[in-house]
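Okay, structure first, notes after.
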Amino acid sequence: MTPRFIVSTARARAAGLSCLALLALQAPAQTPPPAPPMTVELPTFTVSTSQDKGYRATNSVSATRVDTPIKDLPFSISAFTSQFIEDIGALELLDIVSFAPGVTSGAKEFTQGNNRYSIRGFDGDVTPQRNGFRGNRYVDSANIDRVEVVKGPASLLYGQITPGGTVNYITKRPTDKSSVKIKQQFGTDSFWRTDLDINRVLVDGRLNGRFIGSYENALAWANPSAGHSGLIAGSLDFKVNDRISLILDYETFHKVQDPLISMSPNLAVSVTATAGNFPNPVDRARAQAYIDVGNLNLGFIGYPPLPADFNYPGNGDYRTSDFNSFNAELNIKLSPKWRARANFGWDDFKISNKLTGLAEFTTTPAAAYLATKNRFDYVAELAANPAAVLADPAKTASSILTRRKRLEESGGDSKTYQAELTGLIELGGVKVRPLVGALYSHIGTNSFRRASNTNPPVGLANASTTGAQHFQPWNYNDPTTWDHTPAYNVNDIPNIESFNNTKGTESAVYALLNASFLDDRFIVIGGARYNKTENTGTDFRPTVAATPGPPSTGTPYEATKTTPQIGAGYKLRRDLLLFASYSESFFIEDRSLTSWNPNYNPSLPSGAGNPVTISTPAEPTTGSGYEVGIKTDFLDGRVSSTVSLFHLERENRVLRFRQTAPDGTFPTITSQGTVDQSEGVEIELTWSPLNNWQVYATLSLMDIKTTKAQFPALAVYADPAQQAAYTAAYNEAKALILDAVPEGSAEQLASLWTRYGFTGDTLKGWWIGAGFVHTGEKAQRTANPTLFLPASTIYDMTVGYDWKIKKQKWSGTLAWKNIADTEYWNANQARGQPGRLILSVSARF
């Protein structure tokens with residue numbers, strides 16, 4: 001059975017493509033007669049980029065919803081201009097935000113996408129914002145005009161976000177000057193890409209249109225790997241009159257990886273507290289304590305030595321990703337000082353992943369080794385020297401990668417309605433800019449997974465396995481077993497592990513005041529948001545079967561939260577701002593918790609009438625934080641900087657642990673009550689020593705850890721030796737959890753990018769850009785707080801030449817990415833790109 005999703009996009013895509021085709025076919029020579037002159041002001045909801053200078057972004061809309069100078073905002077904002085994005089050769093959103101202070105990848109990369117970030121130490125399954133709305137899990141750079149990163153738990157304007165902040169990318173929109181830009185790129189590892197950007201003045205002064213298209217043949221550096229992607233986007237800006245404007249924006253993105261470049265496989269040693277793993281009861285008690293306290297898996301350790309191009313998917317595997325969005329924005333100038341905006345946003349997505357294999361080598365110690373030592377000794381030796389231990393038959397019996405067959409799909413859609421009103425009130429020397437808004441969003445998500453679940457008999461040919469059986473495993477020590485050719489039909493897999501479909505709504509009202517006093521030297525911005533989240537729908541949870549079982553109605557969930565935000569700044573000089581702020585956030589991490597049933601009767605059979613565990617509603621995971629800092633805008637913006645000290649806390653993150661139940665089962669218990677803390681300093685500098693020389697640099701130093709958690713009671717053992725071992729491991733596990741850095745977080749981050757343009761007659765038109773992104777040790781996996789990804793510094797360099805042929809502007813660049821060919825990981829098992837060369841040529845007409 002092939003799962004069917006409710007997402008249907010054919011009509012919307014066809015209508016959007018038809019409009020875009022009409023726009024693209026408008027010929028430059030067929031300019032309509034000029035309309036009568038009309039003075040139309042840009043709406044205050046649109047960011048002004050006319051005063052941007054190189055890498056220095058002057059204004060932002062992400063912090064207050066309206067166009068505001070960044071130097072006048074009492075919050076930390078990182079904004080990346082179109083020139084910066086072009087100069088670094090960004091292909092996706094991660095390429096850009098990795099330069100921002102305090103931001104690093106938190107991507108889990110299966111069907112979650114790669115646009116998941118850890119900001120100031122905190123991450124979550126929250127997509128970035130797209131023009132202030134919920135964005136996509138994959139974002140192509142072709143339609144990105146600007147990126148803004150709002151720091152801190154600012155749920156006032158964005159609803160569910162993590163305490164660290166949020167990323168808002170702003171798409172390209174029509175301008176009042178016709179142009180055509182074509183860009184062609186070629187690179188190593190079969191990479192090539194074409195970009196097309198057409199801007200048209202369709203009706204002078206009233207209607208402008210823009211078409212964006214791109215096609216990319218992706219890097220194929222792993223063996224096997226291949227892929228391509230395509231983006232089509234278009235927008236219309238219709239100025240009805242001098243008071244009303246309408247912006248329509250449509251985008252469709254399709255990405256295929258066949259097969260994808262998979263995650264790095266870890267080494268995994270089973271340290272489950274069983275008699276088979278730990279014959280010695282004292283060792284077994286120790287193993288049980290790690291599970292009881294926090295479901296820790298200290299047997300999940302680092303990566304084994306493998307070829308740089310190693311890839312474990314089969315030749316027939318794939319991942320397809322489809323995203324569609326449509327937005328309509330109506331701006332009304334009610335009076336010279338009051339404006340209103342109404343928005344409608346629709347989006348849908350579907351990601352389908354067929355994958356052979358697991359992202360781990362299951363490693364078993366040799367019996368001779370276990371005769372004198374235990375599995376914890378083996379884990380320590382393996383982690384210290386994996387190559388030597390894996391190759392030693394006296395220590396390692398086997399290390400295999402299971403060839404599981406799996407199909408996993410996820411999808412969803414949302415419709416969002418929003419209305420906002422903003423204005424200006426002047427009372428003597430006081431200026432007050434109020435903003436009030438309301439939002440309603442309907443969101444549906446669905447997921448599906450089926451997988452083989454049994455090992456095949458030894459010696460059985462892969463072609464003979466059934467859909468329920470894995471293929472023969474790969475042996476780490478025998479590369480001849482690394483066979484990518486076995487294929488399978490996903491419909492032959494009978495085991496449906498999960499199938500669910502959830503619907504919900506989110507509604508909110510919010511208000512914000514931006515006030516300035518003392519001739520605009522003292523600035524106060526503050527407000528609050530009331531948010532209500534509801535979830536209803538049908539949740540399919542079938543048993544192992546060829547088709548889903550009968551639906552079971554999920555428990556309705558409702559949560560409300562009010563989140564305030566306040567910031568104040570004082571200008572010691574016109575170009576020097578001292579600021580401080582406080583804000584709160586919330587995020588629905590889980591909707592229910594699993595706890596022990598206090599009324600369980602051990603003398604009766606376990607079951608529906610006598611459950612061992614019960615479900616209770618979960619509280620939202622909340623965040624709060626404050627920061628103090630200083631902003632400069634010296635020498636007419638040549639030295640623009642932000643230095644901030646911050647302290648953030650996240651409460652009620654869900655903690656999981658497993659314990660043996662009275663009926664002998666081993667359920668996962670979930671609880672809240674955690675507190676995670678992040679505090680540190682961020683430095684961001686945009687500097688132009690000369691008109692032809694630009695520098696962007698950042699530094700983030702953070703202390704991130706869990707400071708509070710709820711733990712189960714100590715288990716009681718009759719044997720004193722077992723009790724001592726359990727108690728020692730229990731306390732060790734608590735200490736690991738309470739000192740743990742959250743998964744995907746790094747405490748030291750730094751970046752630099754500089755561009756120098758030559759001005760002499762000999763080298764006029766040439767420029768050179770170079771920089772790096774440094775990521776300190778990054779916490780790899782929550783289940784093993786001792787496991788960290790190694791620190792890495794990725795260096796890039798670009799040489800460019802700009803010239804003109806008649807009135808046409810041409811540009812050529814040669815970019816060398818990851819110059820040292822450093823092997824690194826963006827997040828848990830997520831592999832970074834190797835060294836590569838990319839040649840680009842573009843022309844603007």
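Each chain in the structure tokens gets a letter, A, B, ..., in the order shown, and its residues are numbered from 1; ligands are numbered from 1 in order too.
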Fill in: Test item, helix (DSSP H, G or I) assignment across stretch 517-692 of chain A, answer as number ranges by chain
A: 634-637
Would you export the selected residues with N, CA and C atoms as a PDB file, in the first residue's frame, please?
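Output saved as again00.pdb:
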ATOM      1  N   PHE A 634      29.885  54.152  13.783  1.00  0.00           N
ATOM      2  CA  PHE A 634      30.876  55.212  13.627  1.00  0.00           C
ATOM      3  C   PHE A 634      31.201  55.477  12.157  1.00  0.00           C
ATOM      4  N   LEU A 635      31.714  56.695  11.920  1.00  0.00           N
ATOM      5  CA  LEU A 635      32.232  57.083  10.607  1.00  0.00           C
ATOM      6  C   LEU A 635      31.205  56.822   9.501  1.00  0.00           C
ATOM      7  N   ASP A 636      29.996  57.292   9.766  1.00  0.00           N
ATOM      8  CA  ASP A 636      28.913  57.155   8.793  1.00  0.00           C
ATOM      9  C   ASP A 636      28.692  55.694   8.411  1.00  0.00           C
ATOM     10  N   GLY A 637      28.781  54.817   9.398  1.00  0.00           N
ATOM     11  CA  GLY A 637      28.499  53.405   9.187  1.00  0.00           C
ATOM     12  C   GLY A 637      29.693  52.567   8.803  1.00  0.00           C
TER      13      GLY A 637
END
Worksheet item: Do you know which residues are at most 8 Å from A:Asn652 counting only C-alpha atoms, after dropping those on the same chain fewer than 6 positions away, and could you put them as a PyMOL selection string?
Response: chain A and resi 619-622+672-675
Fill in: Selected residue, from A:Ser352, A:Ser78, A:Gln288, A:Ser644, that lies nearest to A:Gly680 when counting only C-alpha atoms
A:Ser644
Worksheet entry | Near-A:Phe191 list (10 Å; only C-alpha atoms; drop same-chain fewer than 3 positions) as an MDAnalysis selection string | chainID A and resid 185:188 216:221 226:228 836:838
Go ahead and save the residues from that selection, with N, CA, C and O atoms, as a compact mmCIF listing (two decimals), in the first residue's frame.
# COMPACT_ATOMS: atom_id res chain seq x y z
N GLN A 185 27.08 28.32 -13.54
CA GLN A 185 28.15 27.82 -12.68
C GLN A 185 28.54 26.40 -13.07
O GLN A 185 27.68 25.59 -13.46
N PHE A 186 29.84 26.11 -12.96
CA PHE A 186 30.36 24.76 -13.15
C PHE A 186 31.34 24.48 -12.02
O PHE A 186 32.09 25.37 -11.59
N GLY A 187 31.35 23.22 -11.54
CA GLY A 187 32.26 22.90 -10.45
C GLY A 187 32.69 21.46 -10.47
O GLY A 187 32.28 20.66 -11.32
N THR A 188 33.55 21.14 -9.54
CA THR A 188 34.02 19.77 -9.40
C THR A 188 32.88 18.87 -8.91
O THR A 188 31.82 19.35 -8.48
N GLU A 216 19.85 23.07 -10.59
CA GLU A 216 21.16 22.69 -10.07
C GLU A 216 21.37 21.19 -10.18
O GLU A 216 20.51 20.40 -9.77
N ASN A 217 22.49 20.80 -10.76
CA ASN A 217 22.94 19.42 -10.71
C ASN A 217 23.88 19.33 -9.51
O ASN A 217 24.98 19.89 -9.51
N ALA A 218 23.43 18.67 -8.46
CA ALA A 218 24.08 18.77 -7.16
C ALA A 218 25.46 18.12 -7.14
O ALA A 218 25.78 17.25 -7.96
N LEU A 219 26.25 18.51 -6.16
CA LEU A 219 27.54 17.89 -5.91
C LEU A 219 27.35 16.39 -5.68
O LEU A 219 26.46 15.98 -4.93
N ALA A 220 28.19 15.60 -6.31
CA ALA A 220 28.11 14.14 -6.17
C ALA A 220 29.49 13.63 -5.77
O ALA A 220 30.20 13.02 -6.56
N TRP A 221 29.85 13.91 -4.51
CA TRP A 221 31.20 13.59 -4.07
C TRP A 221 31.29 12.26 -3.32
O TRP A 221 32.37 11.72 -3.12
N ALA A 226 23.97 11.23 -6.32
CA ALA A 226 23.55 12.06 -7.44
C ALA A 226 22.35 12.87 -6.98
O ALA A 226 21.73 12.55 -5.96
N GLY A 227 22.03 13.88 -7.73
CA GLY A 227 20.86 14.67 -7.36
C GLY A 227 20.73 15.93 -8.18
O GLY A 227 21.68 16.35 -8.87
N HIS A 228 19.56 16.52 -8.14
CA HIS A 228 19.32 17.77 -8.83
C HIS A 228 18.17 18.49 -8.13
O HIS A 228 17.40 17.89 -7.37
N ARG A 836 36.11 21.90 -2.91
CA ARG A 836 35.55 21.93 -4.26
C ARG A 836 35.83 23.28 -4.90
O ARG A 836 36.02 24.29 -4.21
N LEU A 837 35.83 23.30 -6.23
CA LEU A 837 36.02 24.51 -7.01
C LEU A 837 34.74 24.80 -7.79
O LEU A 837 34.12 23.88 -8.34
N ILE A 838 34.34 26.08 -7.85
CA ILE A 838 33.14 26.47 -8.58
C ILE A 838 33.45 27.71 -9.40
O ILE A 838 33.86 28.75 -8.86
Discussion item. Residues of stretch 643-835 of chain A classed as strand (DSSP E or B) by DSSP on the backbone are to be reported as a VMD selection string.
Written reply: chain A and resid 643 to 651 655 to 658 668 to 671 675 to 690 693 to 708 746 748 to 757 766 to 775 778 to 781 784 to 789 792 to 805 808 to 817 825 to 827 830 to 831
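Here the question is which of A:Thr480, A:Thr670, A:Thr372, A:Thr422 gets nearest to A:Asn514 using only C-alpha atoms, and that residue is A:Thr422.
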Return as JSON lines the residues of stretch 344-433 of chain A lying at most 10 Å from stretch 296-303 of chain A, together with the closest atom-to-atom pair for each and the distance in Å to one decimal, counting only C-alpha atoms, with rows in chain order and ascending residue number.
{"residue": "A:Glu360", "atom": "CA", "partner": "A:Tyr303", "partner_atom": "CA", "distance": 8.6}
{"residue": "A:Phe361", "atom": "CA", "partner": "A:Tyr303", "partner_atom": "CA", "distance": 9.0}
{"residue": "A:Thr362", "atom": "CA", "partner": "A:Phe300", "partner_atom": "CA", "distance": 9.4}
{"residue": "A:Thr363", "atom": "CA", "partner": "A:Gly299", "partner_atom": "CA", "distance": 9.6}
{"residue": "A:Arg375", "atom": "CA", "partner": "A:Gly299", "partner_atom": "CA", "distance": 8.5}
{"residue": "A:Phe376", "atom": "CA", "partner": "A:Gly299", "partner_atom": "CA", "distance": 7.8}
{"residue": "A:Tyr378", "atom": "CA", "partner": "A:Gly299", "partner_atom": "CA", "distance": 9.4}
{"residue": "A:Val379", "atom": "CA", "partner": "A:Gly299", "partner_atom": "CA", "distance": 6.2}
{"residue": "A:Ala380", "atom": "CA", "partner": "A:Gly299", "partner_atom": "CA", "distance": 9.1}
{"residue": "A:Leu382", "atom": "CA", "partner": "A:Ile301", "partner_atom": "CA", "distance": 8.6}
{"residue": "A:Ala383", "atom": "CA", "partner": "A:Ile301", "partner_atom": "CA", "distance": 6.5}
{"residue": "A:Ala384", "atom": "CA", "partner": "A:Gly302", "partner_atom": "CA", "distance": 9.6}
{"residue": "A:Pro386", "atom": "CA", "partner": "A:Tyr303", "partner_atom": "CA", "distance": 8.3}
Preceding selection exported with N, CA, C and O atoms as a compact mmCIF listing (two decimals), in the first residue's frame:
# COMPACT_ATOMS: atom_id res chain seq x y z
N GLU A 360 24.72 3.25 11.57
CA GLU A 360 25.60 2.82 12.66
C GLU A 360 26.16 1.44 12.34
O GLU A 360 25.51 0.63 11.68
N PHE A 361 27.37 1.24 12.81
CA PHE A 361 27.98 -0.09 12.79
C PHE A 361 27.78 -0.70 14.17
O PHE A 361 28.31 -0.21 15.17
N THR A 362 26.98 -1.77 14.23
CA THR A 362 26.77 -2.48 15.50
C THR A 362 27.99 -3.35 15.78
O THR A 362 28.28 -4.27 15.03
N THR A 363 28.68 -3.03 16.85
CA THR A 363 29.96 -3.66 17.15
C THR A 363 29.84 -4.54 18.39
O THR A 363 29.31 -4.11 19.42
N ARG A 375 31.79 -4.70 28.93
CA ARG A 375 31.51 -3.90 27.75
C ARG A 375 31.87 -2.42 27.93
O ARG A 375 32.18 -1.73 26.96
N PHE A 376 31.83 -1.93 29.15
CA PHE A 376 32.24 -0.55 29.36
C PHE A 376 33.74 -0.38 29.12
O PHE A 376 34.17 0.64 28.59
N TYR A 378 35.39 -2.13 26.98
CA TYR A 378 35.51 -2.22 25.52
C TYR A 378 35.15 -0.88 24.86
O TYR A 378 35.86 -0.41 23.96
N VAL A 379 34.07 -0.25 25.33
CA VAL A 379 33.66 1.04 24.79
C VAL A 379 34.76 2.08 24.95
O VAL A 379 35.06 2.85 24.03
N ALA A 380 35.40 2.09 26.10
CA ALA A 380 36.47 3.05 26.35
C ALA A 380 37.64 2.83 25.40
O ALA A 380 38.20 3.78 24.84
N LEU A 382 37.55 1.26 22.47
CA LEU A 382 37.11 1.49 21.09
C LEU A 382 37.06 2.99 20.79
O LEU A 382 37.48 3.41 19.70
N ALA A 383 36.58 3.77 21.72
CA ALA A 383 36.50 5.21 21.50
C ALA A 383 37.89 5.83 21.39
O ALA A 383 38.10 6.76 20.61
N ALA A 384 38.86 5.29 22.15
CA ALA A 384 40.21 5.84 22.15
C ALA A 384 40.96 5.51 20.86
O ALA A 384 41.73 6.34 20.37
N PRO A 386 39.63 3.52 17.57
CA PRO A 386 38.68 2.64 16.86
C PRO A 386 39.34 1.77 15.80
O PRO A 386 38.97 0.61 15.65
Worksheet entry | Spatial neighbours of A:Arg638, max dist 12 Å, only C-alpha atoms, sep filter under 2 positions, as a PyMOL selection string | chain A and resi 52-58+575+632-636+640-641+685-696
Kindly save the residues from that selection, with C-alpha atoms included, as a PDB file, in the first residue's frame.
ATOM      1  CA  ASP A  52      22.719  49.361   2.391  1.00  0.00           C
ATOM      2  CA  LYS A  53      26.426  49.787   1.807  1.00  0.00           C
ATOM      3  CA  GLY A  54      28.209  46.588   0.878  1.00  0.00           C
ATOM      4  CA  TYR A  55      27.916  44.234   3.830  1.00  0.00           C
ATOM      5  CA  ARG A  56      26.346  46.841   6.137  1.00  0.00           C
ATOM      6  CA  ALA A  57      22.583  46.462   6.357  1.00  0.00           C
ATOM      7  CA  THR A  58      20.979  49.661   7.587  1.00  0.00           C
ATOM      8  CA  ASP A 575      26.350  56.708  16.665  1.00  0.00           C
ATOM      9  CA  THR A 632      28.149  51.509  17.176  1.00  0.00           C
ATOM     10  CA  ASP A 633      27.666  53.188  13.826  1.00  0.00           C
ATOM     11  CA  PHE A 634      30.876  55.212  13.627  1.00  0.00           C
ATOM     12  CA  LEU A 635      32.232  57.083  10.607  1.00  0.00           C
ATOM     13  CA  ASP A 636      28.913  57.155   8.793  1.00  0.00           C
ATOM     14  CA  SER A 640      29.091  49.120  12.579  1.00  0.00           C
ATOM     15  CA  SER A 641      29.180  46.702  15.489  1.00  0.00           C
ATOM     16  CA  LEU A 685      31.601  43.785  13.363  1.00  0.00           C
ATOM     17  CA  THR A 686      31.006  45.200   9.894  1.00  0.00           C
ATOM     18  CA  TRP A 687      33.959  47.391   8.913  1.00  0.00           C
ATOM     19  CA  SER A 688      34.903  49.247   5.727  1.00  0.00           C
ATOM     20  CA  PRO A 689      38.496  50.479   6.104  1.00  0.00           C
ATOM     21  CA  LEU A 690      38.283  51.757   2.501  1.00  0.00           C
ATOM     22  CA  ASN A 691      35.462  52.134   0.011  1.00  0.00           C
ATOM     23  CA  ASN A 692      36.809  49.083  -1.815  1.00  0.00           C
ATOM     24  CA  TRP A 693      37.502  46.974   1.281  1.00  0.00           C
ATOM     25  CA  GLN A 694      34.858  45.325   3.469  1.00  0.00           C
ATOM     26  CA  VAL A 695      35.180  43.121   6.538  1.00  0.00           C
ATOM     27  CA  TYR A 696      32.576  41.108   8.413  1.00  0.00           C
TER      28      TYR A 696
END
Fill in: 7 Å contact set for A:Leu814, only C-alpha atoms, chain neighbours under 4 positions out, as a ChimeraX atom specification
/A:798-800,838-840
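Distance annotation: of A:Gly276, A:Ile332, A:Tyr312, A:Asp258, the residue with the minimal separation from A:Asp242 is A:Ile332; atom set is only C-alpha atoms.
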Discussion item. Just want the 7 Å neighbourhood of A:Glu747, counted on only C-alpha atoms, with same-chain residues fewer than 4 positions away dropped. Output as a list in words.
Written reply: Leu701, Met702, Asp703, Ile704 and Gly776 of chain A
Just the selected residues (all heavy atoms), exported as a PDB file, in the first residue's frame, please.
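Output contents, as saved in again.pdb:
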ATOM      1  N   LEU A 701      31.223  33.362  22.454  1.00  0.00           N
ATOM      2  CA  LEU A 701      31.746  32.522  23.532  1.00  0.00           C
ATOM      3  C   LEU A 701      30.601  32.277  24.499  1.00  0.00           C
ATOM      4  O   LEU A 701      30.048  33.230  25.075  1.00  0.00           O
ATOM      5  CB  LEU A 701      32.919  33.215  24.241  1.00  0.00           C
ATOM      6  CG  LEU A 701      34.123  33.557  23.352  1.00  0.00           C
ATOM      7  CD1 LEU A 701      35.147  34.363  24.142  1.00  0.00           C
ATOM      8  CD2 LEU A 701      34.754  32.302  22.780  1.00  0.00           C
ATOM      9  N   MET A 702      30.228  31.015  24.672  1.00  0.00           N
ATOM     10  CA  MET A 702      29.036  30.688  25.453  1.00  0.00           C
ATOM     11  C   MET A 702      29.313  29.592  26.466  1.00  0.00           C
ATOM     12  O   MET A 702      30.207  28.755  26.265  1.00  0.00           O
ATOM     13  CB  MET A 702      27.908  30.247  24.507  1.00  0.00           C
ATOM     14  CG  MET A 702      27.460  31.307  23.526  1.00  0.00           C
ATOM     15  SD  MET A 702      26.261  30.688  22.288  1.00  0.00           S
ATOM     16  CE  MET A 702      27.362  29.847  21.155  1.00  0.00           C
ATOM     17  N   ASP A 703      28.539  29.603  27.519  1.00  0.00           N
ATOM     18  CA  ASP A 703      28.519  28.524  28.502  1.00  0.00           C
ATOM     19  C   ASP A 703      27.099  27.963  28.480  1.00  0.00           C
ATOM     20  O   ASP A 703      26.148  28.629  28.899  1.00  0.00           O
ATOM     21  CB  ASP A 703      28.876  29.056  29.894  1.00  0.00           C
ATOM     22  CG  ASP A 703      28.858  27.957  30.960  1.00  0.00           C
ATOM     23  OD1 ASP A 703      28.992  26.772  30.581  1.00  0.00           O
ATOM     24  OD2 ASP A 703      28.699  28.276  32.148  1.00  0.00           O
ATOM     25  N   ILE A 704      26.956  26.739  27.967  1.00  0.00           N
ATOM     26  CA  ILE A 704      25.636  26.155  27.749  1.00  0.00           C
ATOM     27  C   ILE A 704      25.552  24.846  28.524  1.00  0.00           C
ATOM     28  O   ILE A 704      26.421  23.977  28.386  1.00  0.00           O
ATOM     29  CB  ILE A 704      25.395  25.865  26.248  1.00  0.00           C
ATOM     30  CG1 ILE A 704      25.829  27.059  25.389  1.00  0.00           C
ATOM     31  CG2 ILE A 704      23.941  25.517  25.981  1.00  0.00           C
ATOM     32  CD1 ILE A 704      25.947  26.745  23.916  1.00  0.00           C
ATOM     33  N   GLY A 776      33.483  25.316  17.357  1.00  0.00           N
ATOM     34  CA  GLY A 776      34.142  24.561  18.415  1.00  0.00           C
ATOM     35  C   GLY A 776      33.519  23.185  18.566  1.00  0.00           C
ATOM     36  O   GLY A 776      32.634  22.786  17.800  1.00  0.00           O
TER      37      GLY A 776
END
